[in-house]
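All remarks here apply to the structure that follows.
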Amino acid sequence: MSDTSSNAPSIEGLVAAALRLLAQMTKHPERLRVQAGEHSIDVDWRPARSASPSASASPEPSMVSASVAAAMTSSAFAPAPATDTLRLFADDESGLDYICAPMVGTFYHAPSPEAPPFVSVGDTVASGQQVGIVEAMKLMVPIEAVAHGRIVKAFVDNGEPVEYGQHLFAFAPA
Amino acid sequence: MFRTILIANRGEIALRVVRACRELGIRSVVVHSTRDRDSAAVRAADDAIQIGPPAPRRSYLNAAAVIEAALRSGAQAVHPGYGFLSEDADFADACEAAGLVFIGPSAATMKLLGSKQEARRHMAQAGLPLLPGTLEPLDARAALALAKQIGPPVIIKAAAGGGGRGMRVVDSLDDFVEAFDATVTTSRTLFGDGAVYVERYLPLARHIEIQILCDNDGNGVHLGARDCSVQRRHQKLIEESPAPRLSADVVAEMGGAAVRAALQAGYRGAGTVEFLVAPDGRYYFMEVNCRIQVEHPVTEMVTGIDLVSAQLTVASGEPIGLTQRDVVSRGVAIECRLNAEDPDRGFVPSPGEIETYVPAAGPFVRVDGHLQAGDVVAPEYDSLIAKVVAWAPDRASARARMRRALDEFVIDGPNIRTTREFLLRVIDDTEFAQATHHTNLVDRLFDNMSLHENTANG
């Protein structure tokens, strides 16, 4: 068994890479498997039911136990249910959650040029806590944390333009 | 000329505009939904901005997001393509308010010509012939009196209607009042507006349209006629230019009248004036389309004039630089729309992944497409896969080229059905070959086909 805690940063990087990869796929997979030790990412498009027997026939179960990210349901990746397209989940403890831009506009990390940023990397945020602003056509839309957790990474600098769905922050749900 | 243009559309027309920009040395920026993030237009453009999820009302119809993207990209102008925001006067207004040039007519002109009633009134004043009918909404009794004057058959149409919905044909005046009341009810339910109008119905007619091009200085030319009679439920399947069996004199007369009426409405840019032509050769104004149309390539192929490039020229404030004398039509161009639709199941859209895609090519064939193998025909958008255009010196040769091109075209995928074989049937149809067809051609072929199948199955 590999020591997952010492590999944690690279696992996070791998999960982020997997999510980026996933975002580029036109067809959404049934399973996504991420491994840190050997840097492997497995993507499976087979229907979930038929996938289990074929998976057990392959030598992969040992890898599953050593790998970090578990299978994700396809519904978590449905490309835009009308209600919420702005979150991508990895449903295990090391999975990262993303706060994304809800519209095209300009990102601001503070309520005014003089004010300190709403949040910084390492901060713990509560669900619903404001973490930024996206401004479009003079409309200021507050950006809120979608769950309780710790900010792991900030992707966009203050005053930078953002697209719809662009990652603003990665955070580890608590 | 503009330095940067934002393209507020998707699919083949977005790619078509990107290509025009590239040829003119203009930077192009395409907005796209999450679904289209890897589309041909996105890849071909200089820049792309993701503005929303796949649902059109949250992306391509989201005027605020489009304008924000345009401002962010440094664009001076917005090309709306066709569909989506292309004929939305409020969007044109919003562009202007944001300091962006809307590539199309002014908001005021679009408002005037976008309303069926207003457009009819304006065109009647400008001297275009209309089918006998009403210019104002009427009650049932006044409408019946008018229907008696016109004589059956008449058609009752919702003033706010469109796309073939909210209309009824009455063959006998005994049924008139009942049909009138029913149309008012439908119209109220569908469009929230009970206003209807009545006009003579032409059971046999051809759909002929005139391509116009006007600039800001009051210059206008027409680029001849297109025959779009091959349609099903008002969806065109095949278009051609010139209109066969329509004399050059009649086209010149229709074209001149269309340009005059458009200029009187303050029209600028490319547009289309649609007419119905009766078997006796008389023509009647139907409506104006204030946008570039899907079928514009047939006009480009016979006139040699790049209509999208002309749109950009006019929008940038330059004159069209053409007189009517400069517009010369040569040969015959036919366009077929290859849609992801299943003709065996009433032309229902058949979205899905395309596994094999081999477009037609070869001499005098133009394909305006946007897909490749591995792409998906998305369920959220229209089902147009590609437009195949064939040119030849005469119509028989153009048909032969089109048959050859459609034979070459391979589109295959687990769920994909296309109109390809149906289009081949039309190209080979005797009436179509002789150009004696009317707008009922597809229904007739379709009935024959179902009959054939029933016999085969029985």
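Chains: A, B, ... in order of the structure tokens. Residues: from 1 per chain. Ligands: from 1, in order shown.
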Using only C-alpha atoms, determine which residues of chain A fall within 7 Å of chain B; present them as a ChimeraX atom specification. /A:80,103-105,136-137,163-164
Print the selection's residues with C-alpha atoms to a file, as a compact mmCIF listing (two decimals), in the first residue's frame.
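The result, written out as out27.txt:
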# COMPACT_ATOMS: atom_id res chain seq x y z
CA ALA A 80 -25.14 21.58 -17.65
CA MET A 103 -21.03 34.29 -16.21
CA VAL A 104 -18.59 36.03 -18.50
CA GLY A 105 -17.18 39.17 -16.85
CA ALA A 136 -20.59 42.12 -16.10
CA MET A 137 -22.25 45.15 -17.66
CA GLU A 163 -15.47 33.12 -18.96
CA TYR A 164 -18.61 31.28 -18.00
Please provide the set of residues having any atom within 12 Å of Ile334 (chain B), restricted to only C-alpha atoms, with same-chain residues fewer than 3 positions apart removed, written as a ChimeraX atom specification. /B:226-228,230,237-244,295-302,331,337,364-367,387-403,405-406,423,427,432
Within 12 Å of Ala14 (chain B), counting only C-alpha atoms, which residues show up once you throw out same-chain ones fewer than 6 positions away? Write them as a PyMOL selection string, please. chain B and resi 5-8+20-21+28-32+36+39-45+48+60+78-84+292+294+308+368-370
If you run DSSP over the backbone, which residues in region 290-449 of chain B end up alpha helix (DSSP H)? Put them as JSON, numbers by chain. {"B": [296, 297, 298, 299, 300, 301, 302, 303, 307, 308, 309, 310, 311, 312, 313, 314, 315, 395, 396, 397, 398, 399, 400, 401, 402, 403, 404, 405, 406, 407, 408, 420, 421, 422, 423, 424, 425, 426, 427, 428, 430, 431, 432, 433, 434, 441, 442, 443, 444, 445, 446, 447, 448, 449]}
Filtering to N, CA and C atoms, could you give me those residues as a short mmCIF file (atom, residue, chain, number, x, y, z; two decimals), in the first residue's frame?
data_model
loop_
_atom_site.label_atom_id
_atom_site.label_comp_id
_atom_site.auth_asym_id
_atom_site.auth_seq_id
_atom_site.Cartn_x
_atom_site.Cartn_y
_atom_site.Cartn_z
N HIS B 296 -27.83 31.73 -48.50
CA HIS B 296 -27.11 32.79 -49.23
C HIS B 296 -26.05 32.26 -50.20
N PRO B 297 -25.45 31.04 -49.97
CA PRO B 297 -24.39 30.63 -50.90
C PRO B 297 -24.84 30.49 -52.36
N VAL B 298 -26.09 30.13 -52.62
CA VAL B 298 -26.47 29.97 -54.04
C VAL B 298 -26.37 31.30 -54.77
N THR B 299 -26.72 32.38 -54.07
CA THR B 299 -26.61 33.71 -54.68
C THR B 299 -25.14 34.07 -54.88
N GLU B 300 -24.32 33.72 -53.89
CA GLU B 300 -22.88 34.01 -54.01
C GLU B 300 -22.28 33.29 -55.21
N MET B 301 -22.72 32.04 -55.42
CA MET B 301 -22.11 31.23 -56.48
C MET B 301 -22.49 31.74 -57.87
N VAL B 302 -23.69 32.28 -58.04
CA VAL B 302 -24.06 32.76 -59.39
C VAL B 302 -23.64 34.21 -59.63
N THR B 303 -23.52 35.01 -58.55
CA THR B 303 -23.15 36.42 -58.76
C THR B 303 -21.67 36.68 -58.52
N LEU B 307 -21.46 37.71 -49.84
CA LEU B 307 -22.49 38.46 -49.10
C LEU B 307 -22.06 38.78 -47.67
N VAL B 308 -21.32 37.88 -47.03
CA VAL B 308 -20.91 38.15 -45.65
C VAL B 308 -19.88 39.27 -45.63
N SER B 309 -18.96 39.22 -46.58
CA SER B 309 -17.99 40.28 -46.71
C SER B 309 -18.69 41.62 -46.99
N ALA B 310 -19.72 41.58 -47.83
CA ALA B 310 -20.48 42.79 -48.13
C ALA B 310 -21.18 43.33 -46.88
N GLN B 311 -21.69 42.41 -46.05
CA GLN B 311 -22.32 42.83 -44.79
C GLN B 311 -21.33 43.63 -43.93
N LEU B 312 -20.09 43.12 -43.86
CA LEU B 312 -19.08 43.77 -43.03
C LEU B 312 -18.72 45.15 -43.60
N THR B 313 -18.61 45.20 -44.94
CA THR B 313 -18.28 46.46 -45.60
C THR B 313 -19.33 47.52 -45.28
N VAL B 314 -20.61 47.14 -45.46
CA VAL B 314 -21.70 48.09 -45.24
C VAL B 314 -21.76 48.50 -43.77
N ALA B 315 -21.61 47.53 -42.88
CA ALA B 315 -21.71 47.84 -41.45
C ALA B 315 -20.60 48.79 -41.00
N ARG B 395 -29.09 24.18 -65.51
CA ARG B 395 -29.74 23.53 -64.38
C ARG B 395 -29.57 22.01 -64.41
N ALA B 396 -29.67 21.41 -65.58
CA ALA B 396 -29.54 19.95 -65.67
C ALA B 396 -28.16 19.51 -65.19
N SER B 397 -27.12 20.26 -65.58
CA SER B 397 -25.76 19.91 -65.14
C SER B 397 -25.60 20.17 -63.65
N ALA B 398 -26.24 21.21 -63.14
CA ALA B 398 -26.15 21.49 -61.71
C ALA B 398 -26.81 20.36 -60.91
N ARG B 399 -27.94 19.85 -61.42
CA ARG B 399 -28.60 18.71 -60.76
C ARG B 399 -27.68 17.49 -60.78
N ALA B 400 -27.04 17.25 -61.92
CA ALA B 400 -26.13 16.10 -62.04
C ALA B 400 -24.98 16.22 -61.05
N ARG B 401 -24.45 17.44 -60.93
CA ARG B 401 -23.35 17.66 -59.98
C ARG B 401 -23.82 17.45 -58.55
N MET B 402 -25.03 17.92 -58.27
CA MET B 402 -25.56 17.77 -56.92
C MET B 402 -25.76 16.28 -56.60
N ARG B 403 -26.28 15.53 -57.57
CA ARG B 403 -26.48 14.10 -57.37
C ARG B 403 -25.13 13.43 -57.06
N ARG B 404 -24.12 13.79 -57.85
CA ARG B 404 -22.79 13.24 -57.64
C ARG B 404 -22.26 13.62 -56.25
N ALA B 405 -22.46 14.88 -55.86
CA ALA B 405 -21.94 15.35 -54.56
C ALA B 405 -22.65 14.64 -53.41
N LEU B 406 -23.98 14.49 -53.51
CA LEU B 406 -24.73 13.83 -52.44
C LEU B 406 -24.35 12.35 -52.36
N ASP B 407 -24.06 11.75 -53.53
CA ASP B 407 -23.60 10.35 -53.54
C ASP B 407 -22.28 10.21 -52.80
N GLU B 408 -21.40 11.20 -52.93
CA GLU B 408 -20.08 11.15 -52.30
C GLU B 408 -20.14 11.34 -50.79
N ARG B 420 -30.05 13.00 -46.54
CA ARG B 420 -29.31 12.81 -47.80
C ARG B 420 -30.11 12.06 -48.86
N GLU B 421 -30.65 10.90 -48.48
CA GLU B 421 -31.35 10.10 -49.49
C GLU B 421 -32.65 10.77 -49.93
N PHE B 422 -33.29 11.45 -48.99
CA PHE B 422 -34.51 12.17 -49.37
C PHE B 422 -34.19 13.28 -50.37
N LEU B 423 -33.08 13.98 -50.13
CA LEU B 423 -32.67 15.05 -51.04
C LEU B 423 -32.40 14.49 -52.43
N LEU B 424 -31.78 13.31 -52.49
CA LEU B 424 -31.52 12.66 -53.79
C LEU B 424 -32.83 12.36 -54.52
N ARG B 425 -33.85 11.94 -53.75
CA ARG B 425 -35.15 11.67 -54.36
C ARG B 425 -35.73 12.93 -54.99
N VAL B 426 -35.57 14.06 -54.28
CA VAL B 426 -36.10 15.32 -54.82
C VAL B 426 -35.33 15.71 -56.08
N ILE B 427 -33.99 15.61 -56.02
CA ILE B 427 -33.17 15.99 -57.18
C ILE B 427 -33.59 15.17 -58.41
N ASP B 428 -33.95 13.91 -58.21
CA ASP B 428 -34.32 13.04 -59.33
C ASP B 428 -35.81 13.08 -59.68
N THR B 430 -39.30 14.03 -61.19
CA THR B 430 -39.61 14.58 -62.52
C THR B 430 -40.06 16.03 -62.45
N GLU B 431 -40.96 16.33 -61.51
CA GLU B 431 -41.43 17.71 -61.39
C GLU B 431 -40.29 18.66 -61.07
N PHE B 432 -39.42 18.24 -60.13
CA PHE B 432 -38.29 19.10 -59.77
C PHE B 432 -37.38 19.26 -60.97
N ALA B 433 -37.14 18.17 -61.70
CA ALA B 433 -36.27 18.23 -62.87
C ALA B 433 -36.80 19.25 -63.89
N GLN B 434 -38.14 19.28 -64.03
CA GLN B 434 -38.74 20.20 -65.00
C GLN B 434 -39.03 21.56 -64.39
N LEU B 441 -44.36 20.07 -53.00
CA LEU B 441 -43.60 18.95 -53.57
C LEU B 441 -43.17 17.94 -52.50
N VAL B 442 -42.64 18.43 -51.39
CA VAL B 442 -42.11 17.52 -50.37
C VAL B 442 -43.23 16.68 -49.77
N ASP B 443 -44.37 17.32 -49.50
CA ASP B 443 -45.50 16.57 -48.94
C ASP B 443 -45.94 15.46 -49.89
N ARG B 444 -45.95 15.78 -51.18
CA ARG B 444 -46.35 14.79 -52.18
C ARG B 444 -45.36 13.62 -52.19
N LEU B 445 -44.06 13.93 -52.25
CA LEU B 445 -43.05 12.87 -52.24
C LEU B 445 -43.11 12.07 -50.96
N PHE B 446 -43.37 12.78 -49.88
CA PHE B 446 -43.40 12.16 -48.56
C PHE B 446 -44.58 11.18 -48.49
N ASP B 447 -45.73 11.61 -49.01
CA ASP B 447 -46.91 10.73 -49.04
C ASP B 447 -46.62 9.49 -49.87
N ASN B 448 -46.01 9.70 -51.04
CA ASN B 448 -45.68 8.57 -51.92
C ASN B 448 -44.77 7.58 -51.22
N MET B 449 -43.80 8.17 -50.47
CA MET B 449 -42.82 7.34 -49.81
C MET B 449 -43.49 6.47 -48.74
#
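Excluding region 260-262 of chain B and any residue on its chain fewer than 5 positions from it, the residues at most 9 Å away by only C-alpha atoms are His122, Met123, Gln125, Ala126, Gly127, Leu128, Ile212, Cys214, Gly220, Gly255, Tyr267, Arg268, Gly271, Val273 and Val288 of chain B.
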Who sits within 8 Å of region 206-210 of chain B, only C-alpha atoms, same chain under 4 positions skipped, as JSON, numbers by chain: {"B": [222, 223, 224, 225, 226, 227, 228, 229, 243, 254, 255, 258, 272, 273, 274, 275, 276, 277, 278, 437, 438, 439]}
List as an MDAnalysis selection string the protein and nucleic acid residues near Gln130 (chain A), meaning an atom at most 6 Å away when only C-alpha atoms are counted, but skip any in the same chain fewer than 2 places from it. chainID A and resid 132 143:144
Mind checking which residues fall within 7 Å of Ala126 (chain A), counting only C-alpha atoms, ignoring those fewer than 3 positions away in the same chain, and posting them as a ChimeraX atom specification? /A:129,145,147-149
Based on the backbone DSSP call, show me all residues of region 107-319 of chain B assigned strand (DSSP E), as a PyMOL selection string. chain B and resi 154-162+165-170+196-200+206-214+220-232+235-241+269-277+283-289
